[in-house]
$ cat query-v3.pdb   # PDB, C-alpha atoms, pLDDT in the B column
ATOM      1  CA  CYS A   1     -16.356  18.206  22.247  1.00 92.00           C
ATOM      2  CA  ASP A   2     -19.713  20.012  22.044  1.00 89.00           C
ATOM      3  CA  THR A   3     -20.323  19.565  25.772  1.00 93.00           C
ATOM      4  CA  HIS A   4     -16.996  21.165  26.675  1.00 96.00           C
ATOM      5  CA  GLY A   5     -16.744  23.753  23.874  1.00 93.00           C
ATOM      6  CA  ILE A   6     -13.865  21.962  22.158  1.00 96.00           C
ATOM      7  CA  ILE A   7     -13.399  22.355  18.409  1.00 95.00           C
ATOM      8  CA  LEU A   8     -13.273  18.971  16.666  1.00 96.00           C
ATOM      9  CA  ILE A   9     -10.747  19.019  13.818  1.00 96.00           C
ATOM     10  CA  ALA A  10     -10.648  16.073  11.414  1.00 95.00           C
ATOM     11  CA  ASP A  11      -7.355  15.439   9.642  1.00 94.00           C
ATOM     12  CA  GLU A  12      -8.654  13.942   6.383  1.00 93.00           C
ATOM     13  CA  ILE A  13      -5.431  14.387   4.402  1.00 89.00           C
ATOM     14  CA  GLN A  14      -5.032  10.618   3.949  1.00 88.00           C
ATOM     15  CA  THR A  15      -8.652   9.510   4.349  1.00 89.00           C
ATOM     16  CA  SER A  16     -10.806  11.888   2.314  1.00 87.00           C
ATOM     17  CA  PHE A  17     -12.233  11.951  -1.182  1.00 88.00           C
ATOM     18  CA  GLY A  18     -13.762   8.528  -1.276  1.00 90.00           C
ATOM     19  CA  ARG A  19     -10.991   6.247  -0.068  1.00 92.00           C
ATOM     20  CA  THR A  20     -13.075   4.860   2.819  1.00 94.00           C
ATOM     21  CA  GLY A  21     -16.318   4.427   0.882  1.00 93.00           C
ATOM     22  CA  LYS A  22     -17.636   7.875   1.798  1.00 93.00           C
ATOM     23  CA  LEU A  23     -16.427  11.276   0.635  1.00 91.00           C
ATOM     24  CA  PHE A  24     -14.933  11.897   4.097  1.00 92.00           C
ATOM     25  CA  ALA A  25     -13.956   9.176   6.573  1.00 94.00           C
ATOM     26  CA  THR A  26     -15.659  11.140   9.350  1.00 94.00           C
ATOM     27  CA  GLU A  27     -19.009  10.405   7.686  1.00 94.00           C
ATOM     28  CA  HIS A  28     -18.768   6.850   9.074  1.00 94.00           C
ATOM     29  CA  TRP A  29     -19.410   8.206  12.597  1.00 92.00           C
ATOM     30  CA  PRO A  30     -22.137  10.446  14.041  1.00 92.00           C
ATOM     31  CA  ALA A  31     -19.732  13.195  15.183  1.00 88.00           C
ATOM     32  CA  ALA A  32     -19.570  16.192  12.862  1.00 91.00           C
ATOM     33  CA  PRO A  33     -16.183  17.947  12.756  1.00 96.00           C
ATOM     34  CA  ASP A  34     -16.003  21.714  13.076  1.00 96.00           C
ATOM     35  CA  MET A  35     -12.984  21.824  10.760  1.00 94.00           C
ATOM     36  CA  TRP A  36     -11.292  19.521   8.228  1.00 92.00           C
ATOM     37  CA  THR A  37      -7.859  19.443   6.677  1.00 90.00           C
ATOM     38  CA  THR A  38      -7.568  17.793   3.265  1.00 89.00           C
ATOM     39  CA  ALA A  39      -4.919  17.380   0.582  1.00 86.00           C
ATOM     40  CA  LYS A  40      -3.301  14.727  -1.611  1.00 79.00           C
ATOM     41  CA  SER A  41      -5.986  13.216  -3.869  1.00 81.00           C
ATOM     42  CA  ILE A  42      -8.061  16.397  -4.063  1.00 86.00           C
ATOM     43  CA  ALA A  43      -6.135  17.578  -7.149  1.00 87.00           C
ATOM     44  CA  GLY A  44      -4.913  14.364  -8.739  1.00 86.00           C
ATOM     45  CA  GLY A  45      -1.284  14.874  -7.776  1.00 86.00           C
ATOM     46  CA  MET A  46      -1.107  18.650  -8.077  1.00 88.00           C
ATOM     47  CA  PRO A  47       0.144  20.362  -4.895  1.00 89.00           C
ATOM     48  CA  ILE A  48      -2.856  21.669  -2.973  1.00 88.00           C
ATOM     49  CA  SER A  49      -4.269  21.428   0.526  1.00 87.00           C
ATOM     50  CA  THR A  50      -7.377  22.796   2.199  1.00 86.00           C
ATOM     51  CA  VAL A  51      -8.627  23.911   5.573  1.00 88.00           C
ATOM     52  CA  THR A  52     -12.420  23.896   5.690  1.00 90.00           C
ATOM     53  CA  GLY A  53     -14.594  24.800   8.643  1.00 93.00           C
ATOM     54  CA  ARG A  54     -17.621  26.457  10.123  1.00 93.00           C
ATOM     55  CA  ALA A  55     -17.929  30.102   9.082  1.00 94.00           C
ATOM     56  CA  ASP A  56     -17.634  31.421  12.648  1.00 94.00           C
ATOM     57  CA  ILE A  57     -14.288  29.656  13.070  1.00 91.00           C
ATOM     58  CA  MET A  58     -12.897  30.525   9.654  1.00 90.00           C
ATOM     59  CA  ASP A  59     -13.977  34.176   9.944  1.00 90.00           C
ATOM     60  CA  ALA A  60     -12.381  34.580  13.402  1.00 91.00           C
ATOM     61  CA  SER A  61      -8.831  34.481  12.050  1.00 85.00           C
ATOM     62  CA  HIS A  62      -7.004  37.394  10.471  1.00 85.00           C
ATOM     63  CA  ILE A  63      -6.593  37.370   6.686  1.00 81.00           C
ATOM     64  CA  GLY A  64      -4.045  34.713   5.771  1.00 75.00           C
ATOM     65  CA  GLY A  65      -4.154  33.232   9.289  1.00 77.00           C
ATOM     66  CA  ILE A  66      -5.630  29.931   8.149  1.00 75.00           C
ATOM     67  CA  GLY A  67      -3.942  28.271   5.233  1.00 67.00           C
ATOM     68  CA  GLY A  68      -2.055  25.300   4.015  1.00 65.00           C
ATOM     69  CA  THR A  69       1.327  24.393   2.687  1.00 67.00           C
ATOM     70  CA  TYR A  70       0.159  24.921  -0.892  1.00 69.00           C
ATOM     71  CA  SER A  71      -1.948  28.065  -1.052  1.00 69.00           C
ATOM     72  CA  GLY A  72      -3.086  30.167  -3.957  1.00 72.00           C
ATOM     73  CA  ASN A  73      -1.926  28.046  -6.895  1.00 84.00           C
ATOM     74  CA  PRO A  74      -4.530  28.641  -9.645  1.00 90.00           C
ATOM     75  CA  VAL A  75      -3.457  25.612 -11.717  1.00 92.00           C
ATOM     76  CA  ALA A  76      -3.776  23.298  -8.703  1.00 90.00           C
ATOM     77  CA  ALA A  77      -7.146  24.889  -7.847  1.00 90.00           C
ATOM     78  CA  ALA A  78      -8.427  24.251 -11.383  1.00 94.00           C
ATOM     79  CA  ALA A  79      -7.159  20.665 -11.177  1.00 93.00           C
ATOM     80  CA  ALA A  80      -8.947  20.194  -7.835  1.00 92.00           C
ATOM     81  CA  LEU A  81     -12.252  21.399  -9.300  1.00 94.00           C
ATOM     82  CA  LYS A  82     -11.944  18.968 -12.218  1.00 95.00           C
ATOM     83  CA  VAL A  83     -10.875  16.066  -9.986  1.00 93.00           C
ATOM     84  CA  MET A  84     -13.835  16.645  -7.640  1.00 92.00           C
ATOM     85  CA  GLU A  85     -16.176  16.762 -10.652  1.00 95.00           C
ATOM     86  CA  ILE A  86     -14.797  13.424 -11.888  1.00 95.00           C
ATOM     87  CA  MET A  87     -14.934  11.856  -8.413  1.00 93.00           C
ATOM     88  CA  GLU A  88     -18.605  12.751  -8.130  1.00 94.00           C
ATOM     89  CA  ARG A  89     -19.442  11.755 -11.704  1.00 96.00           C
ATOM     90  CA  ASP A  90     -17.734   8.362 -11.404  1.00 96.00           C
ATOM     91  CA  ASN A  91     -18.825   7.715  -7.790  1.00 96.00           C
ATOM     92  CA  PHE A  92     -15.338   7.200  -6.366  1.00 94.00           C
ATOM     93  CA  PRO A  93     -16.643   6.546  -2.827  1.00 95.00           C
ATOM     94  CA  GLY A  94     -18.970   3.802  -4.088  1.00 96.00           C
ATOM     95  CA  ARG A  95     -16.188   2.194  -6.080  1.00 96.00           C
ATOM     96  CA  ALA A  96     -13.834   2.329  -3.086  1.00 96.00           C
ATOM     97  CA  GLU A  97     -16.482   0.610  -0.979  1.00 96.00           C
ATOM     98  CA  GLU A  98     -16.930  -2.144  -3.601  1.00 97.00           C
ATOM     99  CA  LEU A  99     -13.185  -2.701  -3.932  1.00 97.00           C
ATOM    100  CA  GLY A 100     -12.802  -2.607  -0.156  1.00 96.00           C
ATOM    101  CA  HIS A 101     -15.274  -5.482   0.254  1.00 96.00           C
ATOM    102  CA  LEU A 102     -13.425  -7.474  -2.413  1.00 97.00           C
ATOM    103  CA  PHE A 103      -9.971  -6.797  -0.940  1.00 96.00           C
ATOM    104  CA  ARG A 104     -11.124  -7.439   2.626  1.00 96.00           C
ATOM    105  CA  SER A 105     -12.691 -10.796   1.734  1.00 96.00           C
ATOM    106  CA  ARG A 106      -9.512 -11.891  -0.063  1.00 97.00           C
ATOM    107  CA  LEU A 107      -7.277 -10.693   2.762  1.00 97.00           C
ATOM    108  CA  ASN A 108      -9.468 -12.471   5.338  1.00 97.00           C
ATOM    109  CA  LYS A 109      -9.130 -15.706   3.345  1.00 97.00           C
ATOM    110  CA  MET A 110      -5.367 -15.219   3.455  1.00 97.00           C
ATOM    111  CA  LYS A 111      -5.606 -14.563   7.207  1.00 97.00           C
ATOM    112  CA  ASP A 112      -7.398 -17.893   7.657  1.00 96.00           C
ATOM    113  CA  THR A 113      -4.570 -19.626   5.797  1.00 96.00           C
ATOM    114  CA  TYR A 114      -1.472 -17.841   7.084  1.00 97.00           C
ATOM    115  CA  SER A 115      -0.848 -17.387  10.822  1.00 96.00           C
ATOM    116  CA  LEU A 116       1.525 -14.543   9.910  1.00 96.00           C
ATOM    117  CA  ILE A 117      -1.558 -12.323   9.385  1.00 97.00           C
ATOM    118  CA  GLY A 118      -2.906 -11.098  12.723  1.00 96.00           C
ATOM    119  CA  ASP A 119      -5.696  -8.777  11.603  1.00 96.00           C
ATOM    120  CA  VAL A 120      -7.371  -7.150   8.618  1.00 97.00           C
ATOM    121  CA  ARG A 121      -9.019  -3.805   9.315  1.00 96.00           C
ATOM    122  CA  GLY A 122     -10.062  -0.544   7.728  1.00 95.00           C
ATOM    123  CA  ARG A 123     -12.788   0.890   5.513  1.00 95.00           C
ATOM    124  CA  GLY A 124     -13.126   1.074   1.754  1.00 95.00           C
ATOM    125  CA  VAL A 125      -9.739   0.736   0.123  1.00 95.00           C
ATOM    126  CA  MET A 126      -7.958   2.093   3.197  1.00 94.00           C
ATOM    127  CA  LEU A 127      -7.155  -1.290   4.645  1.00 96.00           C
ATOM    128  CA  ALA A 128      -4.427  -2.465   6.974  1.00 95.00           C
ATOM    129  CA  LEU A 129      -2.913  -5.904   7.149  1.00 94.00           C
ATOM    130  CA  GLU A 130      -1.279  -6.640  10.499  1.00 96.00           C
ATOM    131  CA  LEU A 131       1.677  -9.000  10.319  1.00 96.00           C
ATOM    132  CA  VAL A 132       2.597 -10.812  13.529  1.00 95.00           C
TER     133      VAL A 132
END

$ encode --input "query-v3.pdb" --output "structure tokens"
Amino acid sequence: CDTHGIILIADEIQTSFGRTGKLFATEHWPAAPDMWTTAKSIAGGMPISTVTGRADIMDASHIGGIGGTYSGNPVAAAAALKVMEIMERDNFPGRAEELGHLFRSRLNKMKDTYSLIGDVRGRGVMLALELV
């Protein structure tokens, strides 16, 4: 993307806020996104979404040109601040990584026993079980 001047946008709506063992799933790879979209767990169930990016990209749009489905809700924004505080305090990414190792090892044992399971993959607690 950098070589060709392409903006890299990471859709972290499902994968962010610790689920993969890091705050953002993109942190597992060396590429650094220019923009991110997030939602869902950021506010503990309150309706909110975010678009975050480099200042030069965010400032290039007209006012109101970049937004999400749920914009400007002060209660959801307050909930998001509290949820992020709790996630950091309680190390949600670290806990997701621990649980992911536990789940993966148990699922791999099941895979060794049942031919119905084709693959176990994923990171943290975002795991997939392929049934064949």

$ atom_distance --input "query-v3.pdb" --atom1 "CA of Ala78 (chain A)" --atom2 "CA of Ala39 (chain A)"
14.2 Å

$ atom_distance --input "query-v3.pdb" --atom1 "CA of Ser16 (chain A)" --atom2 "CA of Arg104 (chain A)"
19.3 Å

$ residues_around --input "query-v3.pdb" --residues "Asp11 (chain A)" --least-positions-apart "3" --cutoff "8 Å" --atoms "only C-alpha atoms" --output "PyMOL selection string"
chain A and resi 14+36-38

$ resolve_selection --input "query-v3.pdb" --expression "the PyMOL selection byres ((chain A and resi 48) around 10)" --output "list in words"
Thr38, Ala39, Lys40, Ser41, Ile42, Ala43, Gly44, Gly45, Met46, Pro47, Ser49, Thr50, Gly68, Thr69, Tyr70, Ser71, Gly72, Asn73, Pro74, Val75, Ala76, Ala77, Ala79 and Ala80 of chain A

$ resolve_selection --input "query-v3.pdb" --expression "the PyMOL selection byres ((chain A and resi 53-60) around 6)" --output "list in words"
Asp34, Met35, Thr52 and Ser61 of chain A

$ write_last_selection --input "query-v3.pdb" --atoms "C-alpha atoms" --output "short mmCIF file (atom, residue, chain, number, x, y, z; two decimals), in the coordinates of the input"
data_model
loop_
_atom_site.label_atom_id
_atom_site.label_comp_id
_atom_site.auth_asym_id
_atom_site.auth_seq_id
_atom_site.Cartn_x
_atom_site.Cartn_y
_atom_site.Cartn_z
CA ASP A 34 -16.00 21.71 13.08
CA MET A 35 -12.98 21.82 10.76
CA THR A 52 -12.42 23.90 5.69
CA SER A 61 -8.83 34.48 12.05
#

$ atom_distance --input "query-v3.pdb" --atom1 "CA of Glu12 (chain A)" --atom2 "CA of Glu85 (chain A)"
18.8 Å

$ closest_residue --input "query-v3.pdb" --among "A:Ala10, A:Ala128, A:Val120, A:His101" --to "Trp29 (chain A)" --atoms "only C-alpha atoms"
A:Ala10

$ closest_residue --input "query-v3.pdb" --among "A:Thr15, A:Ser105, A:Asp119, A:Leu81" --to "His28 (chain A)" --atoms "all atoms listed in the file"
A:Thr15

$ resolve_selection --input "query-v3.pdb" --expression "the PyMOL selection byres ((chain A and resi 132) around 10)" --output "list in words"
Ser115, Leu116, Ile117, Gly118, Asp119, Leu129, Glu130 and Leu131 of chain A

$ closest_residue --input "query-v3.pdb" --among "A:Ile66, A:Met84, A:Met110, A:Ala25" --to "Met126 (chain A)" --atoms "all atoms listed in the file"
A:Ala25

$ axis_aligned_box --input "query-v3.pdb" --around "region 35-47 of chain A" --padding-each-side "3 Å" --output "JSON"
{"center_x": -6.4, "center_y": 17.5, "center_z": 1.0, "size_x": 19.1, "size_y": 14.6, "size_z": 25.5}
